[in-house]
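Engineer: I'd like to ask some things about the structure below.
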Number of protein chains: 2
Amino acid sequence: MKTLQRRTGIALWRQVADEIRQTVLPGLAANERLPAEAELAIRFGVNRHTVRSAIAALEKEGILRAEQGRGTFLNDRKRLRYPIGRRTRFSSGLEDQAQTRSGKLLSSETMPAPPHVATALSLAAGAPVIQLSTLSTADAVPISAATSWFDAGRFSQIAELYAETGSITVSLARLGVDDYTRKTTAVEARHASSEDLDLLALSPGAIVLLTRGIDIDSDGRPVLYGESRFTADRVELLIDNRAAETPA
Amino acid sequence: MKTLQRRTGIALWRQVADEIRQTVLPGLAANERLPAEAELAIRFGVNRHTVRSAIAALEKEGILRAEQGRGTFLNDRKRLRYPIGRRTRFSSGLEDQAQTRSGKLLSSETMPAPPHVATALSLAAGAPVIQLSTLSTADAVPISAATSWFDAGRFSQIAELYAETGSITVSLARLGVDDYTRKTTAVEARHASSEDLDLLALSPGAIVLLTRGIDIDSDGRPVLYGESRFTADRVELLIDNRAAETPA
DNA sequence: TATGGTTGTCTAGATAAATAGACAAATATG
DNA sequence: CATATTTGTCTATTTATCTAGACAACCATA
């Protein structure tokens, strides 16, 4: 196999790690043994030491474990499925997948609305908005880092409420928004920025799923505009268009 | 700024390219000039030559253009917005964004259904299915590579029809499926595999958005199960949950 | 047309990644 | 307990990446 490319700025061992993830692991059951390092080296056309670097990286990510004399084994881990629909909430939809879930307020700031935020919230450009930076975890593992903007006039207490409750839904309920629904969600994927690496405990080159969404209340008024970064190796997004989606 | 990390298997120039993409370009209008190479080198704490490698890479991607004596400029390019909803079609929804769109059949094969395909199509494990590999382009640029599976009993002519028409929708219509809707779509992101690099004309380390979706006909019977890989730097997915989504 | 700022090219040396080979340490098995 | 298989560690060498500095080529403008 001669599929790896050199002189591309991506170290060979990293490419090998990606190939193992994508072409070797899918064929294995949990706790099953991988082919020996020497065999993988031949298969990918690289030195055994390069394969070892790749395996070391995957081991550090918690995907594999190597045992001297026995072999290297696939750990038992599954990806979190994060539902996105009209009623997108962090907590609900994950109950059966994680024991504990939490939301932490990293920072809040009142600022004039940047152009795209003003547009999303149907506010005048530069109108005051509150920006929340939050981090959500499931079973103590960082799942997403989000930045949300709210109309400062309508939701002046949002930061304090979120800090107290750890939930956007609960905070909004206390401010008189009984219900809200997701209007649109845009999804992109990109390499994690240095800030993402930090917040989400990722290693360089990692991928984040970026969603940008607008939530509206029952009158159709925009309630919040948010951008979330999900760790792509721990999360997949599930978009459900079934009949339950029908507007009330 | 000291945000770059060394010894990670990602060459510094590539990290610089990503940082430029994410922290410098968003602040620029189309055709606006970037800070000078020397200034960027200081900002990122690397040698000017490293910045030049990064710019060369972005130039090769068509994002920037460097002009000797004048500076380096941001090209005018926009990301394609690919709508995902109950009625997900490749052609419609892109009309206003690309002059020409085409679908090409790469290969087709009849095979026993792999477990996850059988589940998705509500078939018995191992029942015969037709697998289509297709490539979709917009304005001659590869946008997505897809693998789709159909019940071989119900849609035996699907490969020939797709080869002829370049459209799943039209092919299905000729086989008596007047309408179909998307039941669920799962979205993941990962590094492009060597096959993806090839098909989608990407460079190593590039990201693909992977969607896995099930389409059903008006009776609720599964029509196709498909997995699509989108080039993350040229496409974003737009999930629309508005009232138009209401089932017919 | 002189000047300052910009990108382009070249040389040289330092640091990181990849290859090659040898052997130790642990494990499973006959 | 002898043997084959596997991962772990070490040394040495080659290749790629990054840094450093100097200067050429080109552009805008005073």
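Numbering starts fresh at 1 for the residues of each chain in the structure tokens, the chains themselves are lettered A, B, ... in the order given, and ligands are numbered from 1 as they appear.
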Contacts between chain A and chain C, please, where a residue of chain C counts if it comes within 9 Å (with only C-alpha atoms (C1' of nucleotides)); show its shortest atom pair and distance in Å to one decimal, rows by chain and ascending number, as a Markdown table.
Structural biologist:
| residue | atom | partner | partner_atom | distance |
| --- | --- | --- | --- | --- |
| C:DA17 | C1' | A:Ala11 | CA | 7.3 |
| C:DA18 | C1' | A:Thr50 | CA | 7.0 |
| C:DT19 | C1' | A:Asn47 | CA | 6.2 |
| C:DA20 | C1' | A:Asn47 | CA | 8.4 |
| C:DA25 | C1' | A:Gln68 | CA | 7.9 |
| C:DA26 | C1' | A:Gly69 | CA | 4.7 |
| C:DT27 | C1' | A:Gly69 | CA | 4.5 |
| C:DA28 | C1' | A:Arg70 | CA | 7.9 |
Engineer: For chain B, list the residues within 8 Å of chain A, counting only C-alpha atoms, and write the list as JSON, numbers by chain.
Structural biologist: {"B": [3, 4, 5, 8, 9, 10, 11, 12, 13, 14, 18, 19, 22, 85, 86, 182, 183, 184, 185, 186, 187, 188, 189, 190, 191, 193, 194, 203, 204, 205, 207, 208, 209, 232, 233, 235, 236, 237, 238, 239, 240, 241, 242, 243, 245, 246, 247]}
Engineer: Can you pull out every residue within 7 Å of A:Tyr180, counting only C-alpha atoms (C1' of nucleotides), but drop anything in the same chain fewer than 2 positions away, and send it as a PDB file with all heavy atoms, in the first residue's frame?
Structural biologist:
ATOM      1  N   ARG A 182     -35.238  25.520  17.559  1.00  0.00           N
ATOM      2  CA  ARG A 182     -34.126  25.818  16.677  1.00  0.00           C
ATOM      3  C   ARG A 182     -34.663  26.156  15.289  1.00  0.00           C
ATOM      4  O   ARG A 182     -35.417  25.386  14.705  1.00  0.00           O
ATOM      5  CB  ARG A 182     -33.211  24.587  16.613  1.00  0.00           C
ATOM      6  CG  ARG A 182     -31.985  24.733  15.764  1.00  0.00           C
ATOM      7  CD  ARG A 182     -31.071  25.834  16.249  1.00  0.00           C
ATOM      8  NE  ARG A 182     -30.489  25.617  17.568  1.00  0.00           N
ATOM      9  CZ  ARG A 182     -29.269  25.126  17.769  1.00  0.00           C
ATOM     10  NH1 ARG A 182     -28.515  24.783  16.752  1.00  0.00           N
ATOM     11  NH2 ARG A 182     -28.810  24.985  18.991  1.00  0.00           N
ATOM     12  N   ASP A 215     -32.020  30.175  17.789  1.00  0.00           N
ATOM     13  CA  ASP A 215     -33.196  29.679  18.492  1.00  0.00           C
ATOM     14  C   ASP A 215     -34.235  30.783  18.567  1.00  0.00           C
ATOM     15  O   ASP A 215     -33.908  31.946  18.823  1.00  0.00           O
ATOM     16  CB  ASP A 215     -32.821  29.221  19.910  1.00  0.00           C
ATOM     17  CG  ASP A 215     -32.079  27.887  19.905  1.00  0.00           C
ATOM     18  OD1 ASP A 215     -32.349  27.086  18.997  1.00  0.00           O
ATOM     19  OD2 ASP A 215     -31.237  27.671  20.790  1.00  0.00           O
ATOM     20  N   ILE A 216     -35.492  30.429  18.364  1.00  0.00           N
ATOM     21  CA  ILE A 216     -36.576  31.412  18.407  1.00  0.00           C
ATOM     22  C   ILE A 216     -37.618  30.984  19.430  1.00  0.00           C
ATOM     23  O   ILE A 216     -37.764  29.805  19.734  1.00  0.00           O
ATOM     24  CB  ILE A 216     -37.258  31.551  17.021  1.00  0.00           C
ATOM     25  CG1 ILE A 216     -37.756  30.174  16.534  1.00  0.00           C
ATOM     26  CG2 ILE A 216     -36.282  32.138  16.017  1.00  0.00           C
ATOM     27  CD1 ILE A 216     -38.497  30.237  15.215  1.00  0.00           C
ATOM     28  N   ASP A 217     -38.356  31.969  19.969  1.00  0.00           N
ATOM     29  CA  ASP A 217     -39.415  31.620  20.921  1.00  0.00           C
ATOM     30  C   ASP A 217     -40.701  31.315  20.163  1.00  0.00           C
ATOM     31  O   ASP A 217     -40.729  31.295  18.932  1.00  0.00           O
ATOM     32  CB  ASP A 217     -39.590  32.742  21.957  1.00  0.00           C
ATOM     33  CG  ASP A 217     -40.040  34.048  21.325  1.00  0.00           C
ATOM     34  OD1 ASP A 217     -40.520  34.039  20.166  1.00  0.00           O
ATOM     35  OD2 ASP A 217     -39.894  35.096  21.980  1.00  0.00           O
ATOM     36  N   SER A 218     -41.773  31.091  20.920  1.00  0.00           N
ATOM     37  CA  SER A 218     -43.007  30.636  20.272  1.00  0.00           C
ATOM     38  C   SER A 218     -43.617  31.727  19.392  1.00  0.00           C
ATOM     39  O   SER A 218     -44.440  31.438  18.526  1.00  0.00           O
ATOM     40  CB  SER A 218     -44.011  30.159  21.327  1.00  0.00           C
ATOM     41  OG  SER A 218     -44.109  31.119  22.355  1.00  0.00           O
TER      42      SER A 218
END
Engineer: Could you pull out the residues in stretch 6-243 of chain B that DSSP calls alpha helix (DSSP H) from the backbone, as a PyMOL selection string?
Structural biologist: chain B and resi 12-19+37-44+48-60+115-121+158-165+168-174+194-200
Engineer: Using only C-alpha atoms (C1' of nucleotides), which chain D residues lie at most 12 Å away from chain A, written as a PDB file with C-alpha atoms (C1' of nucleotides), in the first residue's frame?
Structural biologist:
ATOM      1  C1'  DA D   4       8.231 -18.297  18.619  1.00  0.00           C
ATOM      2  C1'  DT D   5       5.821 -14.006  18.723  1.00  0.00           C
ATOM      3  C1'  DT D   6       5.094  -9.582  20.277  1.00  0.00           C
ATOM      4  C1'  DT D   7       6.091  -4.945  22.280  1.00  0.00           C
ATOM      5  C1'  DG D   8       9.940  -1.926  24.351  1.00  0.00           C
ATOM      6  C1'  DT D   9      14.496   0.361  24.067  1.00  0.00           C
ATOM      7  C1'  DT D  15      15.770  13.108   5.048  1.00  0.00           C
ATOM      8  C1'  DA D  16      12.539  16.869   5.958  1.00  0.00           C
ATOM      9  C1'  DT D  17      11.408  20.984   8.402  1.00  0.00           C
ATOM     10  C1'  DC D  18      12.604  25.302  10.644  1.00  0.00           C
TER      11       DC D  18
END
Engineer: Would you list the contacts of B:Gly226 as a ChimeraX atom specification, taking every protein, DNA or RNA residue within 7 Å and counting only C-alpha atoms (C1' of nucleotides), but skipping same-chain residues closer than 6 positions in sequence?
Structural biologist: /B:146-149,212-214
Engineer: Output N, CA, C and O atoms of each residue in that selection to a file, as a PDB file, in the first residue's frame.
Structural biologist:
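Writing the result to result.pdb gives the following:
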ATOM      1  N   ALA B 146     -20.043  10.079  -2.694  1.00  0.00           N
ATOM      2  CA  ALA B 146     -21.076   9.378  -1.947  1.00  0.00           C
ATOM      3  C   ALA B 146     -21.082   7.897  -2.268  1.00  0.00           C
ATOM      4  O   ALA B 146     -20.722   7.482  -3.369  1.00  0.00           O
ATOM      5  N   THR B 147     -21.467   7.106  -1.281  1.00  0.00           N
ATOM      6  CA  THR B 147     -21.723   5.689  -1.485  1.00  0.00           C
ATOM      7  C   THR B 147     -23.161   5.444  -1.046  1.00  0.00           C
ATOM      8  O   THR B 147     -23.533   5.812   0.066  1.00  0.00           O
ATOM      9  N   SER B 148     -23.969   4.888  -1.955  1.00  0.00           N
ATOM     10  CA  SER B 148     -25.384   4.674  -1.653  1.00  0.00           C
ATOM     11  C   SER B 148     -25.725   3.208  -1.848  1.00  0.00           C
ATOM     12  O   SER B 148     -25.173   2.541  -2.720  1.00  0.00           O
ATOM     13  N   TRP B 149     -26.647   2.715  -1.026  1.00  0.00           N
ATOM     14  CA  TRP B 149     -27.096   1.337  -1.152  1.00  0.00           C
ATOM     15  C   TRP B 149     -28.599   1.297  -1.387  1.00  0.00           C
ATOM     16  O   TRP B 149     -29.355   2.036  -0.745  1.00  0.00           O
ATOM     17  N   ARG B 212     -24.431  10.381   7.063  1.00  0.00           N
ATOM     18  CA  ARG B 212     -25.027   9.071   6.817  1.00  0.00           C
ATOM     19  C   ARG B 212     -26.521   9.241   6.932  1.00  0.00           C
ATOM     20  O   ARG B 212     -27.011   9.669   7.981  1.00  0.00           O
ATOM     21  N   GLY B 213     -27.254   8.971   5.870  1.00  0.00           N
ATOM     22  CA  GLY B 213     -28.681   9.278   5.887  1.00  0.00           C
ATOM     23  C   GLY B 213     -29.548   8.181   5.302  1.00  0.00           C
ATOM     24  O   GLY B 213     -29.101   7.388   4.468  1.00  0.00           O
ATOM     25  N   ILE B 214     -30.780   8.132   5.755  1.00  0.00           N
ATOM     26  CA  ILE B 214     -31.754   7.176   5.258  1.00  0.00           C
ATOM     27  C   ILE B 214     -32.893   7.944   4.601  1.00  0.00           C
ATOM     28  O   ILE B 214     -33.468   8.852   5.220  1.00  0.00           O
TER      29      ILE B 214
END
